[in-house]
Amino acid sequence: MVTFVPTPIGNREDITRRAIETLMEADLITCEDTRHSRPLLEHYGVAKPVLALHDHNEARKVPELIERAKNGENIAVITDAGMPAVSDPGFRFLRACIENDIEYTVLPGPSAVLTALVGSGFPVHAFYFGGFLSVKKGKRGKALLAAAQNEYTSLFFESPHRILSTLEIMAKECPEHPVCVARELTKKFETYHRGTAQELFEHFSHHKAKGEIVFLIAPADFKIVTPTE
């Protein structure tokens with residue numbers, strides 16, 4: 001059996017009891033970065049063999065993992081944070097499980113995408129998740145402008161080193177469009193910065209962004225609600 005196990009996106013207490021039990025019962029745990037995952041596993045008293053499984057070795061490691069699964073080993077798949085395979089390693093392994101008729105399951109759990117979506121206050125009935133924004137400014141700009149014209153909320157992962165550049169693009173092309181920068185979700189310094197693209201560009205021009213970020217763009221017809229006195 002192969003089990004894809006979500007891990008906390010910030011606060012260690014957000015792991016489920018079922019996730020801990022799965023890790024305890026695993027014969028092998030694959031980790032995006034073993035150095036990152038070992039402290040989490042040790043925190044919950046999980047002492048199992050670990051194997052690095054990341055973007056640079058997943059294609060090479062999958063055949064070995066499939067053979068181990070065929071031989072009856074229970075394999076748990078985790079990444080640095082959140083749901084495996086969602087902008088993280090694990091997708092190739094899951095596809096290989098399907099192709100080789102290997103039994104697998106996916107546990108529910110922490111998700112930066114859904115946490116940010118609900119916390120933003122933007123419409124949640126339908127949404128688009130675009131993964132990580134491109135490092136290329138031109139390609140990133142096209143994605144941002146397309147999102148601003150959507151009829152639903154759009155979400156992207158963004159680096160704290162590029163968020164100002166991203167906000168600058170939005171402020172130049174659609175300065176009054178509502179956006180949200182969700183930072184450090186579930187952690188001590190979690191923040192949701194909401195406002196127009198111009199307002200947030202000005203804010204982060206004077207306050208350097210830190211931590212992991214989900215950038216949200218409201219639907220084309222969405223209006224910002226001003227808090228009442």
# chains A, B, ... in the order shown; residues from 1 in each chain; ligands from 1
$ residues_around --residues "segment 157-162 of chain A" --least-positions-apart "5" --cutoff "6 Å" --atoms "only C-alpha atoms" --output "PDB file with N, CA, C and O atoms, in the first residue's frame"
ATOM      1  N   GLY A 131      -0.538  27.112  -9.346  1.00  0.00           N
ATOM      2  CA  GLY A 131       0.782  26.673  -8.907  1.00  0.00           C
ATOM      3  C   GLY A 131       1.727  27.844  -8.705  1.00  0.00           C
ATOM      4  O   GLY A 131       1.310  28.959  -8.363  1.00  0.00           O
ATOM      5  N   PHE A 132       2.999  27.629  -8.942  1.00  0.00           N
ATOM      6  CA  PHE A 132       3.995  28.688  -8.798  1.00  0.00           C
ATOM      7  C   PHE A 132       3.980  29.595 -10.017  1.00  0.00           C
ATOM      8  O   PHE A 132       3.962  29.120 -11.156  1.00  0.00           O
ATOM      9  N   ALA A 209       8.538  41.691   2.197  1.00  0.00           N
ATOM     10  CA  ALA A 209       7.780  40.458   2.442  1.00  0.00           C
ATOM     11  C   ALA A 209       8.714  39.344   2.895  1.00  0.00           C
ATOM     12  O   ALA A 209       9.823  39.197   2.384  1.00  0.00           O
ATOM     13  N   LYS A 210       8.246  38.572   3.869  1.00  0.00           N
ATOM     14  CA  LYS A 210       9.004  37.434   4.364  1.00  0.00           C
ATOM     15  C   LYS A 210       8.087  36.213   4.440  1.00  0.00           C
ATOM     16  O   LYS A 210       6.876  36.339   4.578  1.00  0.00           O
ATOM     17  N   ILE A 213       4.293  32.503   0.672  1.00  0.00           N
ATOM     18  CA  ILE A 213       3.191  33.362   0.235  1.00  0.00           C
ATOM     19  C   ILE A 213       2.248  32.655  -0.732  1.00  0.00           C
ATOM     20  O   ILE A 213       2.678  31.936  -1.635  1.00  0.00           O
ATOM     21  N   VAL A 214       0.953  32.879  -0.522  1.00  0.00           N
ATOM     22  CA  VAL A 214      -0.064  32.543  -1.517  1.00  0.00           C
ATOM     23  C   VAL A 214      -0.637  33.875  -1.992  1.00  0.00           C
ATOM     24  O   VAL A 214      -1.064  34.700  -1.180  1.00  0.00           O
TER      25      VAL A 214
END
$ residues_around --residues "segment 101-112 of chain A" --least-positions-apart "2" --cutoff "6 Å" --atoms "only C-alpha atoms" --output "NGL selection string"
:A and (1-6 or 8 or 82 or 97-99 or 114-116)
$ write_last_selection --atoms "C-alpha atoms" --output "compact mmCIF listing (two decimals), in the first residue's frame"
# COMPACT_ATOMS: atom_id res chain seq x y z
CA MET A 1 0.00 0.00 0.00
CA VAL A 2 1.20 3.51 -0.84
CA THR A 3 -0.27 6.37 1.18
CA PHE A 4 0.10 10.04 0.30
CA VAL A 5 0.19 11.87 3.62
CA PRO A 6 -0.32 15.67 3.95
CA PRO A 8 1.43 20.68 8.37
CA GLY A 82 0.93 20.26 2.63
CA CYS A 97 0.88 3.31 -8.87
CA ILE A 98 -2.11 3.57 -11.20
CA GLU A 99 -0.19 2.16 -14.17
CA LEU A 114 -7.76 26.00 0.62
CA THR A 115 -6.57 27.80 3.77
CA ALA A 116 -5.64 30.91 1.78
$ residues_around --residues "segment 15-29 of chain A" --least-positions-apart "6" --cutoff "7 Å" --atoms "only C-alpha atoms" --output "VMD selection string"
chain A and resid 5 7 to 8 46 48 to 51 73 to 77 109
$ select_by_dssp --residues "segment 4-73 of chain A" --states "alpha helix (DSSP H)" --output "count of residues only"
32
$ residues_around --residues "Thr153 of chain A" --least-positions-apart "6" --cutoff "6 Å" --atoms "only C-alpha atoms" --output "ChimeraX atom specification"
/A:127,217-219
$ residues_around --residues "Thr34 of chain A" --least-positions-apart "3" --cutoff "7 Å" --atoms "only C-alpha atoms" --output "PyMOL selection string"
chain A and resi 31+37-38+50+52
$ closest_residue --among "A:Ala126, A:Val179, A:Val118, A:Leu65" --to "Leu94 of chain A" --atoms "only C-alpha atoms"
A:Leu65
$ select_by_dssp --residues "segment 13-211 of chain A" --states "strand (DSSP E)" --output "PyMOL selection string"
chain A and resi 28-31+50-52+75-77+104-106+127-132+153-158+178-183+191-196
$ write_last_selection --atoms "C-alpha atoms" --output "PDB file, in the first residue's frame"
ATOM      1  CA  LEU A  28       9.373   3.363   4.434  1.00  0.00           C
ATOM      2  CA  ILE A  29       8.685   7.097   4.327  1.00  0.00           C
ATOM      3  CA  THR A  30       9.662   9.134   1.278  1.00  0.00           C
ATOM      4  CA  CYS A  31      10.440  12.792   1.993  1.00  0.00           C
ATOM      5  CA  VAL A  50      13.322   7.587   5.126  1.00  0.00           C
ATOM      6  CA  LEU A  51      14.189   8.066   1.470  1.00  0.00           C
ATOM      7  CA  ALA A  52      14.578  11.354  -0.382  1.00  0.00           C
ATOM      8  CA  ILE A  75       5.140   3.267   1.799  1.00  0.00           C
ATOM      9  CA  ALA A  76       4.131   6.704   3.075  1.00  0.00           C
ATOM     10  CA  VAL A  77       4.799   9.746   0.911  1.00  0.00           C
ATOM     11  CA  TYR A 104      -2.840   3.570  -2.900  1.00  0.00           C
ATOM     12  CA  THR A 105      -4.802   6.125  -0.936  1.00  0.00           C
ATOM     13  CA  VAL A 106      -4.601   9.862  -0.297  1.00  0.00           C
ATOM     14  CA  PHE A 127     -11.500  28.936  -8.032  1.00  0.00           C
ATOM     15  CA  TYR A 128      -8.380  28.444 -10.132  1.00  0.00           C
ATOM     16  CA  PHE A 129      -5.022  27.331  -8.732  1.00  0.00           C
ATOM     17  CA  GLY A 130      -2.067  28.097 -10.976  1.00  0.00           C
ATOM     18  CA  GLY A 131       0.782  26.673  -8.907  1.00  0.00           C
ATOM     19  CA  PHE A 132       3.995  28.688  -8.798  1.00  0.00           C
ATOM     20  CA  THR A 153     -10.820  33.614  -7.568  1.00  0.00           C
ATOM     21  CA  SER A 154      -7.306  32.731  -8.740  1.00  0.00           C
ATOM     22  CA  LEU A 155      -4.476  31.571  -6.485  1.00  0.00           C
ATOM     23  CA  PHE A 156      -0.743  31.242  -7.058  1.00  0.00           C
ATOM     24  CA  PHE A 157       2.295  30.380  -4.978  1.00  0.00           C
ATOM     25  CA  GLU A 158       4.844  33.188  -5.043  1.00  0.00           C
ATOM     26  CA  PRO A 178      -8.643  43.478  -5.436  1.00  0.00           C
ATOM     27  CA  VAL A 179      -5.810  41.154  -4.449  1.00  0.00           C
ATOM     28  CA  CYS A 180      -4.627  39.393  -1.306  1.00  0.00           C
ATOM     29  CA  VAL A 181      -1.192  38.360  -0.070  1.00  0.00           C
ATOM     30  CA  ALA A 182      -1.523  35.496   2.426  1.00  0.00           C
ATOM     31  CA  ARG A 183       1.700  34.972   4.377  1.00  0.00           C
ATOM     32  CA  THR A 191      -1.133  37.681   7.902  1.00  0.00           C
ATOM     33  CA  TYR A 192      -3.695  38.413   5.189  1.00  0.00           C
ATOM     34  CA  HIS A 193      -3.014  41.662   3.344  1.00  0.00           C
ATOM     35  CA  ARG A 194      -6.076  42.660   1.312  1.00  0.00           C
ATOM     36  CA  GLY A 195      -6.601  45.693  -0.883  1.00  0.00           C
ATOM     37  CA  THR A 196      -6.172  46.950  -4.407  1.00  0.00           C
TER      38      THR A 196
END
$ atom_distance --atom1 "atom CA of Met170 of chain A" --atom2 "atom CA of Val86 of chain A"
25.4 Å
$ atom_distance --atom1 "atom CA of Pro123 of chain A" --atom2 "atom CA of Asn150 of chain A"
11.9 Å
$ closest_residue --among "A:Glu32, A:Asp80, A:Glu58, A:Asp221" --to "Glu151 of chain A" --atoms "only C-alpha atoms"
A:Asp221
$ atom_distance --atom1 "atom CA of Asp14 of chain A" --atom2 "atom CA of Phe91 of chain A"
23.1 Å
$ closest_residue --among "A:Glu184, A:Glu13, A:Glu190, A:Glu173" --to "Gln149 of chain A" --atoms "only C-alpha atoms"
A:Glu173
